[in-house]
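One file, my_file_5.txt, is given below (compact mmCIF, C-alpha atoms).
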# COMPACT_ATOMS: atom_id res chain seq x y z
CA MET A 1 84.29 70.51 96.27
CA THR A 2 85.30 73.88 94.82
CA LYS A 3 84.43 76.68 97.21
CA GLN A 4 81.79 79.18 96.23
CA ILE A 5 82.67 82.57 97.68
CA PHE A 6 80.61 85.72 97.18
CA HIS A 7 81.84 89.28 97.33
CA VAL A 8 78.77 91.50 97.74
CA ASP A 9 79.31 95.22 97.23
CA MET A 10 76.44 97.68 97.65
CA ASP A 11 76.31 100.14 94.74
CA ALA A 12 77.07 103.78 95.71
CA PHE A 13 75.85 102.81 99.17
CA PHE A 14 75.67 106.13 101.07
CA ALA A 15 74.29 108.04 98.09
CA SER A 16 71.80 105.28 97.26
CA VAL A 17 70.52 105.19 100.84
CA GLU A 18 69.95 108.96 100.69
CA GLN A 19 68.14 108.61 97.35
CA GLN A 20 65.81 106.05 98.86
CA THR A 21 65.25 108.18 101.95
CA PHE A 22 64.49 111.30 99.90
CA PRO A 23 62.69 110.40 96.64
CA PHE A 24 63.38 113.83 95.11
CA LEU A 25 67.08 112.83 94.94
CA ARG A 26 66.43 109.80 92.74
CA GLY A 27 67.93 110.05 89.28
CA LYS A 28 69.90 113.17 90.25
CA PRO A 29 73.63 113.67 90.89
CA VAL A 30 74.16 113.36 94.65
CA GLY A 31 77.32 113.87 96.68
CA VAL A 32 77.41 112.71 100.30
CA CYS A 33 79.83 114.70 102.43
CA GLY A 34 80.33 116.14 105.89
CA ASP A 35 78.81 119.56 106.48
CA PRO A 36 78.18 120.93 102.96
CA GLU A 37 78.89 124.45 104.27
CA SER A 38 82.32 123.52 105.62
CA ARG A 39 85.64 122.63 104.01
CA THR A 40 85.09 118.93 103.48
CA VAL A 41 85.25 116.31 100.73
CA ILE A 42 82.95 113.92 98.91
CA SER A 43 82.47 110.68 100.88
CA ALA A 44 80.30 108.99 98.24
CA ALA A 45 78.82 109.95 94.90
CA SER A 46 75.75 108.63 93.13
CA TYR A 47 76.24 107.10 89.69
CA GLU A 48 74.67 110.19 88.16
CA ALA A 49 77.40 112.30 89.78
CA ARG A 50 80.10 109.78 88.85
CA ALA A 51 79.08 110.13 85.22
CA CYS A 52 80.25 113.75 85.48
CA GLY A 53 83.60 112.73 86.96
CA VAL A 54 82.83 113.21 90.65
CA LYS A 55 84.83 110.81 92.84
CA THR A 56 85.29 109.92 96.49
CA ALA A 57 87.68 112.26 98.40
CA MET A 58 87.19 115.06 95.85
CA THR A 59 86.87 118.57 97.30
CA LEU A 60 83.47 120.22 97.08
CA PRO A 61 84.63 123.06 94.79
CA GLU A 62 86.09 120.51 92.38
CA ALA A 63 82.90 118.42 92.49
CA ARG A 64 80.80 121.51 91.77
CA ARG A 65 83.07 122.48 88.89
CA LEU A 66 82.67 119.05 87.28
CA CYS A 67 78.97 118.78 88.08
CA PRO A 68 77.25 122.13 88.70
CA GLU A 69 73.92 120.35 89.30
CA ILE A 70 75.27 118.16 92.10
CA ILE A 71 73.14 118.04 95.25
CA LEU A 72 75.28 117.88 98.39
CA VAL A 73 73.87 115.92 101.31
CA GLY A 74 75.33 115.80 104.81
CA GLY A 75 76.18 112.22 105.72
CA ASP A 76 74.24 110.29 108.35
CA PRO A 77 76.53 107.49 109.61
CA ALA A 78 73.94 106.09 112.04
CA LYS A 79 71.51 105.55 109.17
CA TYR A 80 74.12 103.79 107.04
CA ILE A 81 75.19 101.54 109.92
CA ASP A 82 71.58 100.60 110.67
CA THR A 83 70.94 99.78 107.00
CA SER A 84 74.16 97.77 106.82
CA ILE A 85 73.19 95.67 109.85
CA ARG A 86 69.78 94.90 108.34
CA ILE A 87 71.43 93.95 105.05
CA LEU A 88 73.69 91.51 106.90
CA ALA A 89 70.56 89.80 108.23
CA ILE A 90 69.59 88.99 104.62
CA TYR A 91 72.96 87.36 103.94
CA THR A 92 72.62 85.13 107.00
CA GLN A 93 69.49 83.56 105.53
CA PHE A 94 71.79 81.69 103.15
CA THR A 95 74.95 81.00 105.18
CA ASP A 96 76.37 81.63 108.63
CA LEU A 97 79.77 82.33 107.08
CA VAL A 98 79.44 86.08 106.48
CA GLU A 99 82.53 88.28 106.85
CA VAL A 100 82.20 92.07 107.02
CA PHE A 101 84.77 93.73 104.77
CA SER A 102 83.44 97.27 105.12
CA ILE A 103 80.16 99.00 105.87
CA ASP A 104 78.98 98.24 102.31
CA GLU A 105 80.90 95.06 101.44
CA ALA A 106 80.87 91.49 102.68
CA PHE A 107 82.21 88.04 101.80
CA LEU A 108 79.91 85.01 101.97
CA ASP A 109 80.93 81.36 101.82
CA VAL A 110 77.87 79.49 100.49
CA THR A 111 79.69 76.25 99.67
CA GLN A 112 77.83 74.16 102.24
CA SER A 113 74.38 75.61 101.53
CA LEU A 114 74.29 75.48 97.73
CA HIS A 115 72.06 72.41 97.67
CA LEU A 116 69.46 74.13 99.80
CA PHE A 117 68.85 77.07 97.48
CA GLY A 118 69.49 75.80 93.97
CA GLY A 119 73.11 76.87 93.48
CA ALA A 120 75.32 79.93 93.79
CA GLU A 121 73.70 82.07 91.11
CA ALA A 122 70.22 81.35 92.49
CA ILE A 123 71.36 82.57 95.90
CA ALA A 124 72.91 85.67 94.37
CA ARG A 125 69.75 86.52 92.46
CA GLU A 126 67.63 86.06 95.59
CA ILE A 127 69.93 88.36 97.59
CA LYS A 128 69.67 91.02 94.90
CA LYS A 129 65.89 90.60 94.79
CA GLN A 130 65.51 91.04 98.54
CA LEU A 131 67.81 94.07 98.65
CA ARG A 132 65.84 95.78 95.92
CA LYS A 133 62.46 94.91 97.46
CA ARG A 134 63.26 95.79 101.08
CA PHE A 135 65.62 98.74 100.64
CA GLY A 136 65.35 99.83 97.01
CA LEU A 137 69.10 99.22 96.72
CA THR A 138 71.24 97.36 94.21
CA CYS A 139 74.47 95.47 94.69
CA SER A 140 77.19 93.89 92.59
CA ILE A 141 78.16 90.28 93.33
CA GLY A 142 81.26 88.37 92.32
CA ILE A 143 81.26 84.56 92.68
CA ALA A 144 84.62 82.77 92.65
CA PRO A 145 86.62 79.99 94.33
CA ASN A 146 88.21 82.43 96.83
CA LYS A 147 87.87 85.92 98.31
CA LEU A 148 90.60 87.49 96.22
CA LEU A 149 89.01 86.51 92.93
CA ALA A 150 85.45 87.16 94.12
CA LYS A 151 86.31 90.78 94.91
CA LEU A 152 88.24 91.16 91.66
CA ILE A 153 85.43 90.02 89.37
CA GLY A 154 82.69 91.58 91.48
CA GLU A 155 84.06 95.01 90.62
CA MET A 156 84.17 94.31 86.89
CA HIS A 157 80.47 94.81 86.16
CA LYS A 158 79.06 97.61 88.33
CA PRO A 159 76.43 98.66 89.13
CA ASP A 160 73.95 95.82 89.70
CA GLY A 161 76.35 93.20 88.33
CA LEU A 162 76.49 89.45 88.82
CA THR A 163 79.73 87.83 87.66
CA THR A 164 80.90 84.24 88.07
CA ILE A 165 84.26 82.67 87.29
CA GLN A 166 85.18 78.98 87.25
CA PRO A 167 88.65 77.68 88.23
CA GLU A 168 89.54 76.81 84.63
CA GLU A 169 88.80 80.40 83.55
CA VAL A 170 91.17 82.00 86.06
CA PRO A 171 94.47 81.83 84.06
CA ALA A 172 92.97 83.61 81.04
CA LEU A 173 91.47 86.30 83.28
CA LEU A 174 94.77 86.98 85.05
CA GLU A 175 96.53 87.48 81.71
CA LYS A 176 94.54 90.67 81.10
CA ILE A 177 94.05 92.08 84.61
CA PRO A 178 96.52 94.86 85.60
CA VAL A 179 98.24 94.19 88.92
CA GLU A 180 96.84 97.38 90.45
CA GLU A 181 93.31 95.98 90.24
CA MET A 182 94.11 93.30 92.80
CA CYS A 183 92.96 94.12 96.33
CA GLY A 184 95.99 94.94 98.45
CA ILE A 185 98.32 96.17 95.69
CA GLY A 186 98.67 99.92 96.06
CA PRO A 187 100.31 102.60 93.90
CA LYS A 188 103.82 102.22 95.36
CA THR A 189 103.85 98.45 94.96
CA THR A 190 102.37 98.80 91.47
CA ALA A 191 105.12 101.22 90.45
CA LYS A 192 107.81 98.89 91.78
CA LEU A 193 106.28 95.89 90.02
CA ASN A 194 105.97 97.84 86.76
CA ARG A 195 109.68 98.69 86.92
CA LEU A 196 110.33 94.95 87.01
CA GLY A 197 108.27 94.52 83.86
CA ILE A 198 105.30 93.13 85.79
CA LYS A 199 102.14 94.64 84.29
CA THR A 200 99.47 91.97 84.67
CA CYS A 201 98.55 89.53 87.41
CA ALA A 202 99.79 86.68 85.21
CA ASP A 203 103.16 88.45 84.92
CA LEU A 204 103.27 88.54 88.71
CA GLY A 205 102.46 84.84 88.99
CA ARG A 206 105.24 83.95 86.55
CA TYR A 207 107.89 86.09 88.23
CA PRO A 208 110.33 84.03 90.38
CA GLU A 209 109.00 83.82 93.91
CA LYS A 210 112.48 83.96 95.45
CA GLU A 211 113.17 87.23 93.68
CA LEU A 212 109.88 88.71 94.90
CA VAL A 213 110.74 87.69 98.46
CA ARG A 214 114.16 89.31 98.10
CA LEU A 215 112.60 92.54 96.90
CA PHE A 216 109.44 92.68 99.03
CA GLY A 217 110.33 90.58 102.07
CA VAL A 218 107.72 88.18 103.42
CA ASN A 219 105.07 89.98 101.36
CA GLY A 220 106.79 88.71 98.21
CA ALA A 221 105.43 85.20 98.67
CA HIS A 222 101.94 86.63 99.13
CA LEU A 223 102.28 88.70 95.95
CA HIS A 224 103.36 85.57 94.06
CA ARG A 225 100.24 83.70 95.20
CA MET A 226 98.05 86.66 94.27
CA GLY A 227 99.51 86.60 90.78
CA LYS A 228 98.35 83.01 90.47
CA GLY A 229 94.90 83.83 91.84
CA ILE A 230 95.54 81.88 95.05
CA ASP A 231 93.94 82.97 98.32
CA GLU A 232 93.50 80.45 101.12
CA SER A 233 92.09 82.84 103.72
CA PRO A 234 88.74 81.63 105.04
CA VAL A 235 85.56 83.67 105.30
CA MET A 236 85.39 84.61 108.97
CA PRO A 237 81.90 85.08 110.48
CA TYR A 238 81.35 88.71 111.42
CA LEU A 239 80.39 87.71 114.96
CA HIS A 240 83.78 86.02 115.35
CA GLU A 241 86.64 88.10 116.69
CA PRO A 242 90.01 86.42 116.05
CA GLU A 243 92.08 85.83 119.15
CA THR A 244 94.86 88.34 119.61
CA LYS A 245 98.17 86.48 119.29
CA SER A 246 100.62 89.36 119.81
CA MET A 247 100.92 93.12 120.06
CA GLY A 248 103.79 95.10 118.64
CA HIS A 249 105.04 98.22 116.92
CA SER A 250 107.78 98.82 114.38
CA LEU A 251 109.46 102.01 113.21
CA THR A 252 111.52 102.88 110.14
CA LEU A 253 113.99 105.50 111.36
CA ASP A 254 114.08 108.96 109.78
CA LYS A 255 117.54 108.06 108.53
CA ASP A 256 119.81 105.04 108.92
CA THR A 257 121.85 105.35 112.09
CA ARG A 258 124.46 103.73 114.30
CA ASP A 259 123.96 106.28 117.07
CA MET A 260 123.02 104.12 120.04
CA ALA A 261 121.36 107.03 121.83
CA VAL A 262 118.87 107.31 118.94
CA VAL A 263 118.35 103.54 118.92
CA ARG A 264 117.67 103.42 122.65
CA HIS A 265 115.31 106.39 122.49
CA ARG A 266 113.26 104.93 119.64
CA LEU A 267 113.21 101.47 121.20
CA LEU A 268 111.89 102.94 124.44
CA GLN A 269 109.18 104.80 122.51
CA LEU A 270 108.09 101.60 120.80
CA SER A 271 108.14 99.64 124.04
CA GLU A 272 106.02 102.21 125.86
CA GLN A 273 103.49 102.14 123.01
CA VAL A 274 103.30 98.35 123.19
CA GLY A 275 102.86 98.44 126.97
CA ARG A 276 100.07 100.99 126.68
CA ARG A 277 98.25 98.91 124.06
CA LEU A 278 98.55 95.80 126.20
CA ARG A 279 97.09 97.58 129.23
CA GLN A 280 94.35 99.22 127.17
CA ASP A 281 93.08 95.82 126.02
CA ARG A 282 93.81 94.19 129.41
CA TYR A 283 96.57 91.91 128.12
CA ALA A 284 99.95 90.86 129.47
CA GLY A 285 102.53 88.73 127.68
CA ARG A 286 105.40 86.42 128.43
CA THR A 287 107.52 86.54 125.23
CA VAL A 288 109.31 89.64 123.93
CA SER A 289 110.53 89.68 120.31
CA LEU A 290 112.86 92.21 118.69
CA VAL A 291 113.20 92.90 114.97
CA LEU A 292 116.35 94.63 113.73
CA ARG A 293 116.75 95.63 110.08
CA TYR A 294 120.01 97.02 108.76
CA ALA A 295 120.44 99.59 105.98
CA ASP A 296 120.99 96.79 103.44
CA PHE A 297 117.59 95.32 104.45
CA THR A 298 119.15 92.35 106.23
CA THR A 299 116.66 91.53 108.98
CA LYS A 300 117.37 89.78 112.29
CA VAL A 301 114.83 88.57 114.83
CA ARG A 302 115.36 87.33 118.37
CA GLN A 303 112.95 86.63 121.22
CA ARG A 304 113.03 85.77 124.90
CA SER A 305 110.39 84.15 127.07
CA LEU A 306 109.94 85.11 130.71
CA LYS A 307 108.63 83.32 133.75
CA THR A 308 106.00 85.99 134.39
CA HIS A 309 103.63 88.01 132.20
CA ILE A 310 104.33 91.72 131.75
CA ASN A 311 102.68 94.85 130.30
CA ASP A 312 105.11 97.48 131.57
CA GLY A 313 106.70 99.38 128.68
CA HIS A 314 109.97 99.96 130.55
CA ARG A 315 110.31 96.27 131.34
CA ILE A 316 109.60 95.44 127.70
CA TYR A 317 112.29 97.98 126.74
CA GLN A 318 114.88 96.44 129.08
CA ILE A 319 114.40 93.01 127.54
CA GLY A 320 114.28 94.45 124.02
CA LEU A 321 117.53 96.35 124.59
CA ARG A 322 119.27 93.17 125.72
CA LEU A 323 118.03 91.41 122.59
CA PHE A 324 119.27 94.31 120.47
CA ASN A 325 122.72 94.15 122.07
CA GLU A 326 122.85 90.43 121.32
CA LEU A 327 121.91 90.99 117.65
CA TYR A 328 123.65 94.23 116.73
CA GLN A 329 126.85 94.06 114.67
CA PRO A 330 128.70 97.40 114.90
CA PRO A 331 129.35 99.58 113.00
CA ARG A 332 126.40 98.63 110.74
CA PHE A 333 123.64 101.20 110.19
CA VAL A 334 120.19 100.46 111.61
CA ARG A 335 117.17 101.12 109.39
CA LEU A 336 114.20 99.66 111.32
CA LEU A 337 113.36 98.56 114.84
CA GLY A 338 110.37 96.53 115.94
CA ILE A 339 109.29 95.07 119.25
CA SER A 340 106.33 92.86 120.13
CA VAL A 341 104.93 90.84 123.01
CA SER A 342 103.28 87.45 122.52
CA ASN A 343 102.08 84.49 124.60
CA LEU A 344 99.31 86.78 125.80
CA VAL A 345 96.79 86.30 128.57
CA ARG A 346 93.89 88.59 129.35
CA ASP A 347 92.66 90.01 132.65
CA LEU A 348 95.60 88.56 134.56
CA LYS A 349 95.47 89.56 138.21
CA GLN A 350 98.96 90.87 138.93
CA VAL A 351 98.36 92.99 142.00
CA THR A 352 100.02 91.05 144.79
CA ALA A 353 101.69 93.81 146.85
CA PHE A 354 101.45 97.51 147.61
CA GLU A 355 104.22 98.35 145.13
CA ASN A 356 102.30 96.65 142.33
CA GLN A 357 99.16 98.54 143.31
CA ARG A 358 101.05 101.83 143.20
CA THR A 359 102.66 100.98 139.86
CA ASN A 360 99.35 99.96 138.31
CA SER A 361 97.73 103.17 139.56
CA LEU A 362 100.52 105.18 137.98
CA PHE A 363 100.04 103.34 134.68
CA GLN A 364 96.31 104.08 134.83
CA VAL A 365 96.88 107.80 135.35
CA MET A 366 99.45 107.96 132.52
CA ASP A 367 97.21 105.99 130.16
CA ASP A 368 94.18 108.20 130.94
CA ILE A 369 96.16 111.37 130.22
CA ASN A 370 97.59 110.00 126.98
CA ASN A 371 94.18 108.75 125.86
CA ARG A 372 92.73 112.20 126.45
CA PHE A 373 95.51 114.45 125.13
CA GLY A 374 97.43 112.22 122.69
CA GLU A 375 100.37 109.81 122.58
CA PHE A 376 103.28 110.76 124.88
CA SER A 377 101.47 113.76 126.41
CA ILE A 378 102.97 112.36 129.58
CA ALA A 379 105.94 110.00 129.46
CA ARG A 380 109.15 109.00 131.13
CA ALA A 381 111.71 111.82 131.26
CA SER A 382 113.92 110.04 128.74
CA LEU A 383 111.15 110.34 126.16
CA THR A 384 110.49 114.06 126.60
CA GLN A 385 113.55 115.30 124.72
CA PRO A 386 112.83 117.29 121.53
CA GLY A 387 112.54 115.38 118.32
CA PRO A 388 110.11 114.22 115.69
CA GLY A 389 107.09 112.28 116.87
CA PRO A 390 106.91 108.52 116.39
CA ARG A 391 105.87 107.11 113.02
CA ALA A 392 105.18 103.67 114.40
CA ILE A 393 102.73 101.30 112.79
CA SER A 394 101.86 98.04 114.44
CA PRO A 395 102.71 95.09 112.17
CA SER A 396 100.03 93.06 113.95
CA TRP A 397 97.30 95.65 113.53
CA ARG A 398 93.96 94.27 112.37
CA PRO A 399 90.36 95.47 112.34
CA ALA A 400 88.24 94.10 115.14
CA LYS A 401 86.06 91.71 113.17
CA SER A 402 87.85 90.81 109.94
CA SER A 403 90.67 88.54 108.85
CA ARG A 404 93.09 89.54 106.11
CA TYR A 405 91.45 92.47 104.41
CA PRO A 406 91.35 95.91 105.96
CA VAL A 407 87.99 97.49 106.73
CA LYS A 408 87.38 100.52 104.54
CA THR A 409 85.49 103.54 105.84
CA SER A 410 84.25 106.35 103.67
CA LEU A 411 82.73 108.72 106.18

Rewrite the structure from the file as structure tokens, please.
Amino acid sequence: MTKQIFHVDMDAFFASVEQQTFPFLRGKPVGVCGDPESRTVISAASYEARACGVKTAMTLPEARRLCPEIILVGGDPAKYIDTSIRILAIYTQFTDLVEVFSIDEAFLDVTQSLHLFGGAEAIAREIKKQLRKRFGLTCSIGIAPNKLLAKLIGEMHKPDGLTTIQPEEVPALLEKIPVEEMCGIGPKTTAKLNRLGIKTCADLGRYPEKELVRLFGVNGAHLHRMGKGIDESPVMPYLHEPETKSMGHSLTLDKDTRDMAVVRHRLLQLSEQVGRRLRQDRYAGRTVSLVLRYADFTTKVRQRSLKTHINDGHRIYQIGLRLFNELYQPPRFVRLLGISVSNLVRDLKQVTAFENQRTNSLFQVMDDINNRFGEFSIARASLTQPGPGPRAISPSWRPAKSSRYPVKTSL
């Protein structure tokens, strides 16, 4: 059976909620922001304001210049969250497979409940009816065989749209959709694809996968599937939190280097960050993995499993440094370093002696100070030398209750 996936996107959510709360705002250009008297930006604009060119993240002076009649309203996050939770309750009347994508977007898999409600479009119309009746709000719904396509077509007919696509219609659609309209393809990737002559999603699907992998790394295979309209990620129930498999950080160096002092310093930074994250979420791990990328983008990975579980950044560093020494081929220049810990367990009781108690207490004090005053406010002496702050981004980062797609916040 072909899956029936919904992407439900509330129309101008924050602004629409304010218009329903305050009837005098209805039909007028509204901009939701922080404190309207401060230097802030537009978080959401009503469709009346959008008609004048007002957009999200626009400064207030620019919004006023484009739309002198705009009414600025201070945002009320608690109200939007409460409304969002009550909207989710409507979705769960039709399926228990509801995945939160953002405060105003969700994916629904209604494949197994179609026969109960008269089909996908009947469910969509009932959802829209209930949203309008209970909240006075409209939404746009895309119905497709997977999440990627559902989001794509759901955004084609806003506001208050309902769009469906069948599997046999996908190739023709992809021929005319620019690559930048696909969720997950940003401006930098778009520019790089355009330089390759890739303008549409169909162009992307036809481009040799091996070449995409060479140019974009492991993400190349994902881009190739996107170009063909393929997305196998399931809709994850919003009450389900995926199990953490690993924790890690990676860092692209300010400039390619073969200075081992720089390498050791950065690797220690990364390791301490990983250790702190592990302790913060009460994890310890048994396998340490190191990623080493050279200036020519050649990437090497090596890992080592231990007999005991660890969450001490310095211990992680020691193992990572040994792995680096095993991998490194002098005098090649290093571009990127990454270190992660996997085979995780949670709430492991490691305090077996006074020394462990003292060490754990020290970690707690350091973590509390860094949580309060910022990363590396207190650190090992070898990390206190002058230099630019870390630009590390965890490759395993994910929002708490989602799967592939990042949660978007507007306020």

So what do you get for atom CA of Ser289 of chain A versus atom CA of Asn219 of chain A, distance-wise?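 These two atoms are separated by 19.7 Å.
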
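Take the candidates A:Thr299, A:Ser271, A:Ser84, A:Thr59 and check each one against Met247 of chain A using all atoms listed in the file; the shortest distance goes to A:Ser271.
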
For segment 340-344 of chain A, list every protein, DNA or RNA residue within 7 Å, evaluated using all atoms listed in the file, and leave out those in the same chain fewer than 4 positions away; present the list as a list in words.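 That gives Lys245, Ser246, Met247, Gly248, His249, Val274, Tyr283, Ala284, Gly285, Arg286, Thr287, Val288, Ser289 and Leu290 of chain A.
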
I want to know what sits within 10 Å of Asp296 of chain A, based on all atoms listed in the file, with residues of the same chain fewer than 2 positions away left out; could you give that as an mmCIF file with C-alpha atoms, in the frame of the given file?
data_model
loop_
_atom_site.group_PDB
_atom_site.id
_atom_site.type_symbol
_atom_site.label_atom_id
_atom_site.label_comp_id
_atom_site.auth_asym_id
_atom_site.auth_seq_id
_atom_site.Cartn_x
_atom_site.Cartn_y
_atom_site.Cartn_z
ATOM 1 C CA ASP A 256 119.810 105.040 108.920
ATOM 2 C CA ARG A 293 116.750 95.630 110.080
ATOM 3 C CA TYR A 294 120.010 97.020 108.760
ATOM 4 C CA THR A 298 119.150 92.350 106.230
ATOM 5 C CA THR A 299 116.660 91.530 108.980
ATOM 6 C CA ARG A 332 126.400 98.630 110.740
ATOM 7 C CA PHE A 333 123.640 101.200 110.190
ATOM 8 C CA VAL A 334 120.190 100.460 111.610
ATOM 9 C CA ARG A 335 117.170 101.120 109.390
#

Segment 93-104 of chain A surroundings by only C-alpha atoms, 6 Å radius, close-in-sequence under 2 positions cut, as a PyMOL selection string: chain A and resi 9-10+90-91+106-110+235-238+407-408

What's the separation between atom CA of Phe6 of chain A and atom CA of Gly186 of chain A, in Å to one decimal place?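 Separating atom CA of Phe6 of chain A from atom CA of Gly186 of chain A is a distance of 23.0 Å.
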
12 Å contact set for Gln130 of chain A, all atoms listed in the file, chain neighbours under 2 positions out, as a ChimeraX atom specification: /A:86-91,93,123-128,132-139

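Going from atom CA of Pro330 of chain A over to atom CA of Leu215 of chain A, you cover 24.6 Å.
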
From the list A:Val345, A:Ile339, A:Leu149, A:Ala221, which residue is nearest His7 of chain A when using only C-alpha atoms?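 Checking each of A:Val345, A:Ile339, A:Leu149, A:Ala221 against His7 of chain A, counting only C-alpha atoms, the winner is A:Leu149.
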
Taking (79.6, 102.5, 89.5) in the file's coordinates as the center, which residues reach within 9 Å of it, counting only C-alpha atoms, put as a ChimeraX atom specification? /A:11-12,46-47,50-51,155,157-160

Using all atoms listed in the file, which of A:Lys307, A:Gly229, A:Gly184, A:Gly119 sits nearest Val170 of chain A? A:Gly229

Point out the residue among A:Pro145, A:Gly53, A:Pro29, A:Pro167 with the least atom-to-atom distance to Lys3 of chain A, counting all atoms listed in the file.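 Using all atoms listed in the file, the shortest distance to Lys3 of chain A belongs to A:Pro145.
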